[in-house]
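This is structure.cif (mmCIF, C-alpha atoms).
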data_query
loop_
_atom_site.label_atom_id
_atom_site.label_comp_id
_atom_site.auth_asym_id
_atom_site.auth_seq_id
_atom_site.Cartn_x
_atom_site.Cartn_y
_atom_site.Cartn_z
CA MET A 25 0.00 0.00 0.00
CA GLY A 26 2.88 2.37 0.75
CA ILE A 27 3.95 2.20 -2.87
CA LEU A 28 0.76 4.06 -3.83
CA PHE A 29 1.88 7.14 -1.92
CA ASN A 30 5.45 7.17 -3.22
CA PRO A 31 5.61 8.30 -6.88
CA ARG A 32 9.37 7.76 -7.11
CA ARG A 33 8.99 4.15 -6.02
CA PHE A 34 5.82 3.55 -8.06
CA PHE A 35 7.52 4.65 -11.30
CA SER A 36 10.99 3.25 -10.64
CA GLU A 37 9.49 -0.15 -9.84
CA ILE A 38 7.08 -0.12 -12.79
CA GLU A 39 7.61 -3.84 -13.40
CA ARG A 40 5.99 -4.42 -9.97
CA THR A 41 3.29 -1.74 -10.29
CA ILE A 42 2.31 -2.06 -13.96
CA HIS A 43 -0.62 -4.34 -13.08
CA LEU A 44 -2.16 -1.63 -10.87
CA GLY A 45 -3.28 0.56 -13.81
CA PRO A 46 -6.72 -1.01 -14.31
CA VAL A 47 -7.26 -1.24 -10.54
CA LEU A 48 -6.50 2.47 -10.09
CA VAL A 49 -8.89 3.33 -12.93
CA ALA A 50 -11.68 1.34 -11.29
CA VAL A 51 -11.06 2.72 -7.81
CA ARG A 52 -10.81 6.31 -9.10
CA TRP A 53 -14.02 6.35 -11.10
CA ILE A 54 -16.16 4.00 -9.02
CA GLY A 55 -14.99 5.94 -5.96
CA THR A 56 -16.01 9.23 -7.56
CA ALA A 57 -19.44 7.81 -8.35
CA SER A 58 -19.91 6.28 -4.91
CA PHE A 59 -18.47 8.93 -2.64
CA VAL A 60 -19.10 12.19 -4.50
CA ILE A 61 -21.81 11.89 -7.12
CA LEU A 62 -24.12 9.58 -5.17
CA PRO A 63 -24.26 11.88 -2.12
CA LEU A 64 -24.76 14.90 -4.39
CA TRP A 65 -27.74 13.16 -5.97
CA LEU A 66 -29.18 11.81 -2.71
CA LEU A 67 -28.85 15.18 -0.97
CA GLY A 68 -30.50 17.00 -3.87
CA PHE A 69 -27.61 19.23 -4.89
CA GLN A 70 -27.80 21.05 -8.21
CA PRO A 71 -24.88 21.25 -10.66
CA PHE A 72 -22.61 24.30 -10.39
CA THR A 73 -23.53 25.39 -13.88
CA GLN A 74 -26.22 24.49 -16.38
CA PRO A 75 -25.32 21.16 -18.02
CA TRP A 76 -24.31 21.21 -21.68
CA LEU A 77 -25.92 17.84 -22.14
CA PRO A 78 -29.70 17.87 -22.66
CA ILE A 79 -30.39 16.63 -19.13
CA ASP A 80 -32.53 18.41 -16.56
CA ALA A 81 -30.32 19.93 -13.85
CA GLY A 82 -32.47 18.32 -11.16
CA ASN A 83 -31.65 14.85 -12.47
CA TYR A 84 -28.10 15.56 -13.60
CA TYR A 85 -26.29 13.82 -10.74
CA PHE A 86 -28.41 10.71 -11.23
CA TRP A 87 -27.36 10.55 -14.87
CA GLN A 88 -23.78 11.41 -14.00
CA LEU A 89 -23.79 8.28 -11.84
CA VAL A 90 -24.62 6.34 -15.00
CA PHE A 91 -22.01 7.84 -17.30
CA ILE A 92 -19.08 8.68 -14.99
CA LEU A 93 -17.51 5.21 -15.15
CA PRO A 94 -17.61 4.95 -18.98
CA TYR A 95 -16.37 8.54 -19.16
CA GLY A 96 -13.54 7.77 -16.71
CA VAL A 97 -12.43 4.66 -18.57
CA LEU A 98 -12.58 6.42 -21.94
CA ILE A 99 -10.68 9.52 -20.79
CA THR A 100 -8.02 7.34 -19.15
CA LEU A 101 -7.59 5.30 -22.33
CA LEU A 102 -7.51 8.45 -24.49
CA LEU A 103 -4.83 10.05 -22.31
CA THR A 104 -2.84 6.81 -22.38
CA LEU A 105 -2.97 6.54 -26.18
CA ILE A 106 -2.08 10.19 -26.68
CA SER A 107 0.82 9.83 -24.25
CA LEU A 108 2.11 6.83 -26.19
CA ALA A 109 1.87 8.76 -29.46
CA PHE A 110 4.11 11.50 -28.04
CA VAL A 111 6.53 9.47 -25.92
CA GLY A 112 8.20 7.70 -28.85
CA GLY A 113 10.64 4.86 -28.41
CA GLY A 114 10.48 1.14 -28.99
CA GLY A 115 9.62 -1.91 -26.99
CA LYS A 116 6.83 -4.41 -26.88
CA PRO A 117 3.53 -2.59 -27.65
CA SER A 118 1.47 -4.36 -24.97
CA THR A 119 4.06 -3.64 -22.27
CA ARG A 120 4.37 -0.02 -23.41
CA PHE A 121 0.59 0.40 -23.29
CA ARG A 122 0.35 -1.14 -19.81
CA ALA A 123 3.18 1.05 -18.52
CA ALA A 124 1.61 4.20 -20.00
CA LEU A 125 -1.77 3.18 -18.55
CA ALA A 126 -0.15 2.74 -15.13
CA ILE A 127 1.38 6.23 -15.35
CA VAL A 128 -1.87 7.89 -16.43
CA SER A 129 -3.94 5.92 -13.93
CA TYR A 130 -1.57 6.80 -11.12
CA GLY A 131 -1.58 10.46 -12.16
CA LEU A 132 -5.37 10.50 -12.03
CA PHE A 133 -5.52 8.51 -8.79
CA LEU A 134 -3.08 10.07 -6.32
CA PRO A 135 -4.30 13.71 -6.47
CA TRP A 136 -7.88 12.44 -6.50
CA ILE A 137 -7.50 11.17 -2.92
CA ALA A 138 -7.02 14.73 -1.66
CA CYS A 139 -9.87 15.95 -3.89
CA LEU A 140 -12.11 13.24 -2.53
CA ALA A 141 -11.52 14.35 1.05
CA TRP A 142 -12.11 18.00 0.11
CA ASP A 143 -15.25 17.18 -1.89
CA LEU A 144 -16.69 15.16 0.98
CA PHE A 145 -16.02 18.03 3.36
CA LEU A 146 -17.73 20.49 1.00
CA ILE A 147 -20.73 18.23 0.39
CA PHE A 148 -21.40 17.32 4.01
CA SER A 149 -20.74 20.82 5.33
CA GLY A 150 -23.26 22.21 2.81
CA ASN A 151 -20.62 24.27 1.01
CA TRP A 152 -20.65 22.48 -2.35
CA GLU A 153 -19.99 25.51 -4.53
CA LEU A 154 -17.79 26.11 -7.54
CA LEU A 155 -15.93 28.84 -5.65
CA TRP A 156 -14.74 26.31 -3.07
CA ALA A 157 -14.26 23.27 -5.32
CA MET A 158 -12.49 24.88 -8.30
CA PRO A 159 -9.15 25.88 -6.69
CA PHE A 160 -8.63 22.45 -5.15
CA HIS A 161 -9.50 20.66 -8.38
CA ALA A 162 -7.24 22.99 -10.37
CA ALA A 163 -4.37 22.17 -8.00
CA ALA A 164 -5.14 18.47 -8.49
CA VAL A 165 -4.87 18.82 -12.28
CA ILE A 166 -1.48 20.49 -11.83
CA ALA A 167 -0.41 17.61 -9.57
CA GLU A 168 -1.65 15.14 -12.21
CA GLY A 169 0.49 16.90 -14.81
CA LEU A 170 3.55 16.74 -12.58
CA LEU A 171 2.99 13.02 -12.05
CA TYR A 172 2.57 12.43 -15.81
CA ALA A 173 5.77 14.31 -16.60
CA TYR A 174 7.74 12.54 -13.88
CA GLY A 175 6.30 9.14 -14.78
CA PHE A 176 7.04 9.38 -18.50
CA ARG A 177 10.52 10.69 -17.75
CA ILE A 178 11.34 7.83 -15.37
CA VAL A 179 9.55 4.92 -17.06
CA PHE A 180 10.09 5.76 -20.73
CA GLY A 181 13.22 7.89 -20.46
CA ALA A 182 11.45 10.76 -22.22
CA SER A 183 13.25 14.08 -22.25
CA TRP A 184 11.90 16.61 -19.78
CA ARG A 185 10.65 18.68 -22.71
CA ARG A 186 8.69 15.75 -24.14
CA ALA A 187 7.45 14.64 -20.72
CA VAL A 188 6.16 18.15 -19.93
CA LEU A 189 4.51 18.32 -23.37
CA ILE A 190 2.69 15.05 -22.66
CA ALA A 191 1.61 16.38 -19.26
CA VAL A 192 0.31 19.66 -20.68
CA ILE A 193 -1.62 17.94 -23.48
CA ASN A 194 -3.12 15.42 -21.05
CA CYS A 195 -4.16 18.13 -18.60
CA ILE A 196 -5.76 20.27 -21.31
CA LEU A 197 -7.67 17.28 -22.66
CA PHE A 198 -8.77 16.22 -19.19
CA ILE A 199 -10.02 19.70 -18.36
CA GLY A 200 -11.74 20.04 -21.73
CA PHE A 201 -13.58 16.75 -21.61
CA SER A 202 -14.43 17.14 -17.93
CA ALA A 203 -15.90 20.57 -18.60
CA LEU A 204 -18.39 18.93 -20.93
CA ILE A 205 -19.94 16.57 -18.39
CA VAL A 206 -18.63 16.99 -14.87
CA ARG A 207 -20.64 19.41 -12.79
#
How does the structure come out when it is put into structure tokens?
Amino acid sequence: MGILFNPRRFFSEIERTIHLGPVLVAVRWIGTASFVILPLWLLGFQPFTQPWLPIDAGNYYFWQLVFILPYGVLITLLLTLISLAFVGGGGKPSTRFRAALAIVSYGLFLPWIACLAWDLFLIFSGNWELLWAMPFHAAAVIAEGLLYAYGFRIVFGASWRRAVLIAVINCILFIGFSALIVR
């Protein structure tokens, strides 16, 4: 368990942690549905902003429960594939994919733990507002980017320039796609 809170060890021992990618994806997105979206729906919260999707705001969190897991899996796979396209290099394709998935999954997972605690505090204290949630989530996206850059540098030997480029692209895509459905 300690390896999950030590990025240096997680990435330097990728041969031991590579299998955790799918587990981290499942925990991240099922956890978001169970611990954030479900309480928002049950407690009758409204989305911060009007949904872009043609769904009534009053029922939005119910429907977000339905589509958050497919969204999470798809965004994780998209970020993994884009990372692989930019990282370059050789090696066995299946191993490269699994390693990239582990990096992306870990990047999405570790900062999420802090966000989860903050979101639960906001929800159960009755302060679920964009003003309070946005700065913490923005900091989490920056932390995700740092983890992507570090992970692709350590695991794939990418130059810092390339690793930062991957991180920036992944963060922009994550923010863009999240802005479409996450409220």
Residue by residue, what does the PyMOL selection byres ((chain A and resi 134) around 9) grab here? Present the result as JSON, numbers by chain. {"A": [28, 29, 31, 129, 130, 131, 132, 133, 135, 136, 137, 138, 164, 167, 168, 171]}
Choose the residue, out of A:Trp53, A:Ile199, A:Trp156, A:Ser107, that has the smallest atom-to-atom separation from A:Tyr172; count only C-alpha atoms.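 Between A:Trp53, A:Ile199, A:Trp156, A:Ser107, the residue approaching A:Tyr172 most closely is A:Ser107.
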Can you list what the PyMOL selection byres ((chain A and resi 68-74) around 8) grabs from this structure, as a list in words?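 Output from the PyMOL selection byres ((chain A and resi 68-74) around 8), applied to this file: Leu64, Trp65, Leu66, Leu67, Pro75, Trp76, Ala81, Gly82, Tyr84, Tyr85, Glu153, Leu154 and Arg207 of chain A.
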Exercise: A:Leu125 partners within 9 Å, all atoms listed in the file, chain neighbours under 2 positions left out, as a PyMOL selection string: chain A and resi 42+45-46+100-101+103-105+120-123+127-130
Kindly resolve the PyMOL selection byres ((chain A and resi 205) around 8) on the present coordinates and return the residues as a PyMOL selection string. chain A and resi 75-77+88+201-204+206-207
I want to know what sits within 9 Å of A:Ala157, based on all atoms listed in the file, with residues of the same chain fewer than 2 positions away left out; could you give that as a short mmCIF file (atom, residue, chain, number, x, y, z; two decimals) with C-alpha atoms, keeping the file's coordinate frame?
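Generated file (around_22.cif):
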data_model
loop_
_atom_site.label_atom_id
_atom_site.label_comp_id
_atom_site.auth_asym_id
_atom_site.auth_seq_id
_atom_site.Cartn_x
_atom_site.Cartn_y
_atom_site.Cartn_z
CA CYS A 139 -9.87 15.95 -3.89
CA TRP A 142 -12.11 18.00 0.11
CA ASP A 143 -15.25 17.18 -1.89
CA LEU A 146 -17.73 20.49 1.00
CA TRP A 152 -20.65 22.48 -2.35
CA GLU A 153 -19.99 25.51 -4.53
CA LEU A 154 -17.79 26.11 -7.54
CA LEU A 155 -15.93 28.84 -5.65
CA PRO A 159 -9.15 25.88 -6.69
CA PHE A 160 -8.63 22.45 -5.15
CA HIS A 161 -9.50 20.66 -8.38
CA ALA A 162 -7.24 22.99 -10.37
#
